[in-house]
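Structure file entry.cif (mmCIF, C-alpha atoms) follows.
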```cif
data_protein
#
loop_
_atom_site.label_atom_id
_atom_site.label_comp_id
_atom_site.auth_asym_id
_atom_site.auth_seq_id
_atom_site.Cartn_x
_atom_site.Cartn_y
_atom_site.Cartn_z
CA MET V 41 -11.63 8.98 23.83
CA ALA V 42 -8.33 10.76 24.54
CA ARG V 43 -6.39 12.09 21.56
CA CYS V 44 -3.59 9.53 21.95
CA GLU V 45 -6.15 6.74 21.96
CA GLU V 46 -7.77 8.20 18.87
CA LEU V 47 -4.41 8.20 17.13
CA ASP V 48 -3.80 4.56 18.07
CA ALA V 49 -7.29 3.66 16.86
CA ILE V 50 -6.56 5.20 13.44
CA LEU V 51 -3.26 3.33 13.13
CA GLN V 52 -4.96 0.09 14.09
CA ALA V 53 -7.79 0.73 11.63
CA GLN V 54 -5.36 1.36 8.79
CA PHE V 55 -3.47 -1.82 9.64
CA GLU V 56 -6.69 -3.81 9.75
CA LEU V 57 -7.73 -2.43 6.36
CA GLU V 58 -4.36 -3.31 4.88
CA TYR V 59 -4.53 -6.92 6.06
CA ALA V 60 -8.30 -7.37 5.71
CA GLU V 61 -9.86 -10.50 4.25
CA PRO V 62 -11.98 -9.78 1.16
CA GLU V 63 -15.34 -10.02 2.93
CA VAL V 64 -14.47 -7.34 5.50
CA LEU V 65 -12.66 -4.84 3.27
CA GLU V 66 -15.62 -2.46 3.01
CA GLU V 67 -16.28 -2.57 6.73
CA ARG V 68 -12.63 -1.88 7.50
CA ARG V 69 -12.59 1.09 5.13
CA ARG V 70 -15.75 2.50 6.76
CA ARG V 71 -14.12 2.13 10.17
CA LEU V 72 -10.97 3.99 9.05
CA HIS V 73 -13.03 6.76 7.43
CA PHE V 74 -15.17 7.08 10.56
CA LEU V 75 -12.17 7.49 12.85
CA VAL V 76 -10.32 9.88 10.55
CA ASP V 77 -13.45 11.95 9.95
CA GLN V 78 -13.95 12.32 13.69
CA ILE V 79 -10.46 13.77 14.05
CA ILE V 80 -10.62 16.13 11.09
CA ALA V 81 -14.09 17.43 11.89
CA ASP V 82 -13.81 21.14 12.70
CA THR V 83 -10.37 21.35 11.11
CA SER V 84 -9.31 22.35 7.60
CA LEU V 85 -7.70 18.96 7.05
CA THR V 86 -8.60 16.25 4.57
CA ARG V 87 -8.40 12.49 5.13
CA HIS V 88 -5.50 12.36 2.71
CA GLU V 89 -3.55 15.03 4.59
CA LEU V 90 -4.03 13.37 7.96
CA LEU V 91 -3.08 9.90 6.75
CA SER V 92 -0.08 11.34 4.94
CA ALA V 93 1.09 13.05 8.11
CA LEU V 94 0.77 9.78 10.03
CA ARG V 95 3.33 8.09 7.74
CA ASP V 96 6.09 7.72 10.33
CA ARG V 97 3.72 6.71 13.09
CA TYR V 98 2.09 4.11 10.89
CA LYS V 99 5.38 2.59 9.75
CA GLU V 100 6.48 2.25 13.36
CA TYR V 101 3.09 0.81 14.34
CA LYS V 102 3.23 -1.71 11.50
CA ARG V 103 6.80 -2.67 12.28
CA THR V 104 5.82 -3.33 15.91
CA GLN V 105 2.89 -5.48 14.80
CA LEU V 106 5.07 -7.49 12.41
CA LEU V 107 7.72 -8.08 15.05
CA ALA V 108 5.08 -9.18 17.56
CA GLU V 109 3.63 -11.57 14.98
CA ALA V 110 7.12 -12.96 14.23
CA ARG V 111 7.68 -13.52 17.94
CA ARG V 112 4.33 -15.29 18.28
CA ARG V 113 5.20 -17.60 15.41
CA SER V 114 8.61 -18.45 16.82
CA VAL V 115 7.23 -19.56 20.20
CA MET E 63 11.96 -5.07 -21.94
CA LYS E 64 9.39 -6.32 -19.44
CA SER E 65 6.37 -4.20 -18.71
CA TRP E 66 7.33 -3.53 -15.08
CA GLN E 67 10.73 -2.39 -16.29
CA LYS E 68 9.10 -0.06 -18.80
CA ARG E 69 6.99 1.35 -16.00
CA LEU E 70 10.16 2.26 -14.15
CA GLU E 71 11.13 4.50 -17.03
CA GLU E 72 7.78 6.21 -17.47
CA PRO E 73 8.11 9.91 -16.68
CA TRP E 74 5.19 9.94 -14.26
CA ILE E 75 7.02 7.54 -11.97
CA GLY E 76 9.07 10.52 -10.93
CA PRO E 77 12.65 11.37 -10.34
CA TYR E 78 13.23 8.70 -7.68
CA ILE E 79 13.09 5.83 -10.11
CA ALA E 80 16.50 5.12 -11.54
CA SER E 81 16.95 3.63 -14.96
CA MET E 82 17.44 -0.09 -15.14
CA THR E 83 21.14 0.46 -15.70
CA ALA E 84 21.26 1.14 -11.97
CA ILE E 85 20.74 -2.57 -11.40
CA ALA E 86 24.29 -3.15 -12.56
CA THR E 87 25.61 -1.21 -9.60
CA MET E 88 23.45 -2.90 -6.96
CA PRO E 89 24.68 -5.38 -4.38
CA GLU E 90 24.02 -8.99 -5.48
CA GLY E 91 21.29 -9.57 -2.88
CA ALA E 92 19.37 -6.50 -3.98
CA LYS E 93 19.71 -7.49 -7.62
CA GLU E 94 18.23 -10.89 -6.89
CA ARG E 95 15.28 -9.32 -5.06
CA TRP E 96 14.68 -7.03 -8.03
CA ARG E 97 14.76 -9.93 -10.42
CA THR E 98 12.55 -12.22 -8.36
CA ALA E 99 9.96 -9.65 -7.37
CA GLY E 100 10.02 -8.18 -10.86
CA ARG E 101 9.44 -11.59 -12.44
CA PHE E 102 6.55 -12.34 -10.08
CA ALA E 103 5.04 -8.94 -10.65
CA ASP E 104 5.40 -9.23 -14.39
CA VAL E 105 3.65 -12.61 -14.51
CA LEU E 106 0.88 -11.44 -12.18
CA GLU E 107 0.34 -8.17 -14.03
CA ALA E 108 0.06 -10.09 -17.30
CA GLU E 109 -2.52 -12.40 -15.70
CA VAL E 110 -4.54 -9.42 -14.47
CA LYS E 111 -4.57 -7.93 -17.96
CA THR E 112 -5.46 -11.13 -19.81
CA ARG E 113 -9.07 -10.42 -20.63
CA ARG E 114 -9.80 -13.90 -21.89
CA ASN E 115 -9.41 -15.13 -18.29
CA PRO E 116 -12.45 -14.95 -15.98
CA LEU E 117 -12.62 -11.72 -14.01
CA ALA E 118 -12.45 -13.63 -10.72
CA ALA E 119 -9.16 -15.27 -11.75
CA ARG E 120 -7.71 -11.91 -12.71
CA VAL E 121 -8.77 -10.42 -9.39
CA VAL E 122 -7.02 -13.28 -7.55
CA SER E 123 -3.84 -12.54 -9.53
CA TRP E 124 -4.19 -8.88 -8.59
CA PHE E 125 -4.48 -9.72 -4.90
CA ASN E 126 -1.31 -11.78 -5.27
CA LEU E 127 0.40 -8.80 -6.88
CA CYS E 128 -0.70 -6.70 -3.90
CA ARG E 129 0.81 -9.35 -1.63
CA VAL E 130 4.17 -9.11 -3.41
CA CYS E 131 4.17 -5.36 -2.73
CA GLN E 132 3.22 -5.93 0.89
CA ASP E 133 5.93 -8.55 1.33
CA LEU E 134 8.58 -6.19 0.01
CA GLU E 135 7.30 -3.49 2.32
CA GLU E 136 7.51 -5.84 5.30
CA GLN E 137 11.09 -6.69 4.34
CA MET E 138 11.96 -3.00 4.25
CA LEU E 139 10.38 -2.39 7.65
CA LEU E 140 12.13 -5.32 9.29
CA ALA E 141 15.50 -5.25 7.53
CA ALA E 142 18.41 -3.98 9.58
CA GLN E 143 19.76 -2.17 6.54
CA PRO E 144 17.33 -1.94 3.63
CA THR E 145 19.08 -1.21 0.36
CA ALA E 146 18.59 2.11 -1.35
CA GLU E 147 16.94 0.28 -4.25
CA ASP E 148 14.20 -1.37 -2.20
CA PRO E 149 12.01 1.76 -2.05
CA GLN E 150 12.39 2.15 -5.83
CA LEU E 151 11.19 -1.38 -6.41
CA HIS E 152 8.37 -0.94 -3.91
CA ARG E 153 7.29 2.25 -5.63
CA ALA E 154 7.30 0.64 -9.07
CA LEU E 155 5.38 -2.46 -7.95
CA LEU E 156 2.89 -0.41 -5.97
CA SER E 157 2.26 1.83 -8.99
CA THR E 158 1.61 -1.29 -11.06
CA ALA E 159 -0.77 -2.72 -8.46
CA ILE E 160 -2.72 0.54 -8.19
CA ALA E 161 -3.01 0.91 -11.95
CA SER E 162 -4.10 -2.72 -12.37
CA GLY E 163 -6.62 -2.37 -9.55
CA GLU E 164 -8.11 0.74 -11.12
CA GLY E 165 -8.35 -1.16 -14.40
CA LEU E 166 -10.22 -4.03 -12.73
CA LEU E 167 -12.57 -1.57 -11.06
CA LEU E 168 -13.54 -0.22 -14.47
CA GLU E 169 -14.52 -3.74 -15.52
CA CYS E 170 -16.44 -4.60 -12.37
CA ASP E 171 -19.88 -3.70 -13.61
CA ASP E 172 -21.07 -7.25 -12.92
CA ALA E 173 -20.94 -7.74 -9.16
CA GLU E 174 -21.96 -11.39 -9.57
CA ALA E 175 -18.57 -12.17 -11.13
CA LEU E 176 -16.85 -11.36 -7.84
CA LYS E 177 -19.21 -13.29 -5.57
CA PRO E 178 -17.16 -16.53 -5.57
CA LEU E 179 -14.33 -14.49 -4.04
CA ARG E 180 -16.59 -13.01 -1.32
CA LEU E 181 -15.85 -9.65 -2.93
CA THR E 182 -17.85 -6.70 -4.18
CA PRO E 183 -16.72 -3.81 -6.39
CA ALA E 184 -16.78 -1.64 -3.25
CA ALA E 185 -14.44 -4.06 -1.50
CA LEU E 186 -12.10 -3.93 -4.46
CA ALA E 187 -12.22 -0.13 -4.28
CA ALA E 188 -11.38 -0.34 -0.56
CA LYS E 189 -8.28 -2.40 -1.38
CA VAL E 190 -7.20 0.11 -4.04
CA GLU E 191 -7.69 2.90 -1.50
CA SER E 192 -5.50 1.04 0.96
CA LEU E 193 -2.76 0.82 -1.70
CA ARG E 194 -3.12 4.53 -2.40
CA ILE E 195 -2.69 5.36 1.28
CA THR E 196 0.43 3.20 1.32
CA PHE E 197 1.77 4.98 -1.75
CA THR E 198 1.14 8.37 -0.16
CA GLN E 199 2.83 7.37 3.08
CA TRP E 200 5.89 5.84 1.42
CA HIS E 201 6.47 7.74 -1.77
CA THR E 202 5.20 11.30 -1.59
CA GLU E 203 6.95 14.29 -0.20
CA LEU E 204 5.83 16.02 2.98
CA LYS E 205 7.81 18.76 4.61
CA PRO E 206 8.44 18.09 8.31
CA GLU E 207 7.02 21.50 9.22
CA ARG E 208 3.80 20.73 7.36
CA GLN E 209 3.61 17.29 8.93
CA ALA E 210 4.00 18.77 12.39
CA ALA E 211 1.36 21.41 11.66
CA ILE E 212 -1.14 18.79 10.49
CA LEU E 213 -0.58 16.62 13.55
CA LYS E 214 -0.91 19.63 15.81
CA GLU E 215 -4.15 20.72 14.16
CA ALA E 216 -5.55 17.21 14.34
CA PHE E 217 -4.42 16.09 17.77
CA GLY E 218 -3.41 19.29 19.52
CA GLY E 219 -0.29 18.87 21.61
CA ALA E 220 -1.32 15.39 22.68
CA VAL E 221 0.83 13.43 20.22
#
```

Can you dump the structure from the file as structure tokens?
Amino acid sequence: MARCEELDAILQAQFELEYAEPEVLEERRRRLHFLVDQIIADTSLTRHELLSALRDRYKEYKRTQLLAEARRRSV
Amino acid sequence: MKSWQKRLEEPWIGPYIASMTAIATMPEGAKERWRTAGRFADVLEAEVKTRRNPLAARVVSWFNLCRVCQDLEEQMLLAAQPTAEDPQLHRALLSTAIASGEGLLLECDDAEALKPLRLTPAALAAKVESLRITFTQWHTELKPERQAAILKEAFGGAV
């Protein structure tokens, strides 16, 4: 997976954890951990540091998703 | 004073939380959001803490409290001009939700109590972790140079 795709996958996984139904919360957390751990392997970074650094990217990702959902609902 | 208002004045909330006297200087729309969200949050937080209620009912109230935080966050992301007070309210409500969630986790020794909700203690912990990530991303400081260095170390020059 290319690095940009890995970044997108992390943003998507965080979004899916945030909006997860109760029965899939654990699975969504495992998925996010798996993707983040892949990226930080062989670096000095922690999960917390990486997710913190993705703050702006995630807000923009989430905003895009919310706008798309609003558009879908208005059609 | 309501409990969520008290929380705003607790020293650990940090320097970004203004005292409630700041409400007096807010635009009317922002004031109304504070009042409404604060009232909801206060009721829900009280429900979460009422130990005579079944644990499952308290967990449902907690999820509703989380939804209030999320709704405010969505408003901030989509608003053309979010008010300066919105992040303060978000921070206070999110702090409340995290603290309440941690409290529920301490009481979740009986996994059977959560089964009607299709939940497990681990799932509850996952939700609390999601709130913590949100708190970090919205309300902690990160120098731009450090942020750039982390992204470079993680993704190289690709992003």

Resolved residues for the PyMOL selection byres ((chain V) within 7 of (chain E)) as a ChimeraX atom specification: /V:43-44,57-58,62-63,65-66,69,79-80,83,90,92-93,95,103

Record the distance separating atom CA of His152 of chain E and atom CA of Val105 of chain E, expressed in Å with one decimal. 16.5 Å

Mind giving me the straight-line distance from atom CA of Leu72 of chain V to atom CA of Leu91 of chain V in Å, one decimal?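 Spanning atom CA of Leu72 of chain V to atom CA of Leu91 of chain V is a straight-line distance of 10.1 Å.
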
Need to verify the contact set: segment 158-160 of chain E, 7 Å, only C-alpha atoms, exclusion of same-chain residues closer than 3 positions in sequence. Can you return it as a list in words?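 The contact residues come out as Leu127, Cys128, Ala154, Leu155, Gly163, Glu164, Val190 and Leu193 of chain E.
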
For a test of reading the model, state the distance in Å between atom CA of Gln54 of chain V and atom CA of Ala42 of chain V, rounded to one decimal. 18.6 Å

Matched chain/residue IDs from the PyMOL selection byres ((chain V and resi 51) around 9), as a ChimeraX atom specification: /V:46-50,52-56,72,94,97-98,101-102

Taking N, CA and C atoms as the atom set, what does segment 47-73 of chain V look like once completed, written as a tab-separated table (two decimals), keeping the file's coordinate frame?
```
chain	number	residue	atom	x	y	z
V	47	LEU	N	-5.51	8.42	18.07
V	47	LEU	CA	-4.41	8.20	17.13
V	47	LEU	C	-4.13	6.70	16.98
V	48	ASP	N	-4.04	6.01	18.10
V	48	ASP	CA	-3.80	4.56	18.07
V	48	ASP	C	-4.92	3.84	17.32
V	49	ALA	N	-6.14	4.30	17.53
V	49	ALA	CA	-7.29	3.66	16.86
V	49	ALA	C	-7.19	3.83	15.34
V	50	ILE	N	-6.72	4.98	14.90
V	50	ILE	CA	-6.56	5.20	13.44
V	50	ILE	C	-5.46	4.29	12.89
V	51	LEU	N	-4.35	4.19	13.60
V	51	LEU	CA	-3.26	3.33	13.13
V	51	LEU	C	-3.71	1.88	13.04
V	52	GLN	N	-4.45	1.47	14.07
V	52	GLN	CA	-4.96	0.09	14.09
V	52	GLN	C	-5.94	-0.13	12.93
V	53	ALA	N	-6.80	0.86	12.70
V	53	ALA	CA	-7.79	0.73	11.63
V	53	ALA	C	-7.12	0.66	10.26
V	54	GLN	N	-6.06	1.43	10.08
V	54	GLN	CA	-5.36	1.36	8.79
V	54	GLN	C	-4.70	-0.01	8.62
V	55	PHE	N	-4.11	-0.50	9.69
V	55	PHE	CA	-3.47	-1.82	9.64
V	55	PHE	C	-4.49	-2.90	9.32
V	56	GLU	N	-5.65	-2.80	9.96
V	56	GLU	CA	-6.69	-3.81	9.75
V	56	GLU	C	-7.27	-3.73	8.34
V	57	LEU	N	-7.30	-2.54	7.76
V	57	LEU	CA	-7.73	-2.43	6.36
V	57	LEU	C	-6.68	-3.07	5.45
V	58	GLU	N	-5.43	-2.79	5.74
V	58	GLU	CA	-4.36	-3.31	4.88
V	58	GLU	C	-4.33	-4.83	4.85
V	59	TYR	N	-4.61	-5.46	5.98
V	59	TYR	CA	-4.53	-6.92	6.06
V	59	TYR	C	-5.92	-7.58	6.07
V	60	ALA	N	-6.93	-6.85	5.64
V	60	ALA	CA	-8.30	-7.37	5.71
V	60	ALA	C	-8.55	-8.50	4.73
V	61	GLU	N	-9.35	-9.48	5.16
V	61	GLU	CA	-9.86	-10.50	4.25
V	61	GLU	C	-10.88	-9.84	3.33
V	62	PRO	N	-11.10	-10.42	2.14
V	62	PRO	CA	-11.98	-9.78	1.16
V	62	PRO	C	-13.36	-9.39	1.71
V	63	GLU	N	-13.95	-10.27	2.51
V	63	GLU	CA	-15.34	-10.02	2.93
V	63	GLU	C	-15.47	-8.88	3.94
V	64	VAL	N	-14.37	-8.43	4.52
V	64	VAL	CA	-14.47	-7.34	5.50
V	64	VAL	C	-13.80	-6.05	5.02
V	65	LEU	N	-13.36	-6.02	3.78
V	65	LEU	CA	-12.66	-4.84	3.27
V	65	LEU	C	-13.50	-3.56	3.39
V	66	GLU	N	-14.76	-3.66	2.97
V	66	GLU	CA	-15.62	-2.46	3.01
V	66	GLU	C	-15.80	-1.96	4.43
V	67	GLU	N	-16.07	-2.92	5.32
V	67	GLU	CA	-16.28	-2.57	6.73
V	67	GLU	C	-15.03	-1.90	7.32
V	68	ARG	N	-13.88	-2.45	6.98
V	68	ARG	CA	-12.63	-1.88	7.50
V	68	ARG	C	-12.38	-0.47	6.95
V	69	ARG	N	-12.75	-0.26	5.70
V	69	ARG	CA	-12.59	1.09	5.13
V	69	ARG	C	-13.54	2.07	5.82
V	70	ARG	N	-14.77	1.63	6.06
V	70	ARG	CA	-15.75	2.50	6.76
V	70	ARG	C	-15.23	2.87	8.14
V	71	ARG	N	-14.66	1.90	8.82
V	71	ARG	CA	-14.12	2.13	10.17
V	71	ARG	C	-12.99	3.18	10.13
V	72	LEU	N	-12.08	3.04	9.17
V	72	LEU	CA	-10.97	3.99	9.05
V	72	LEU	C	-11.52	5.39	8.73
V	73	HIS	N	-12.44	5.45	7.78
V	73	HIS	CA	-13.03	6.76	7.43
V	73	HIS	C	-13.70	7.39	8.65
```
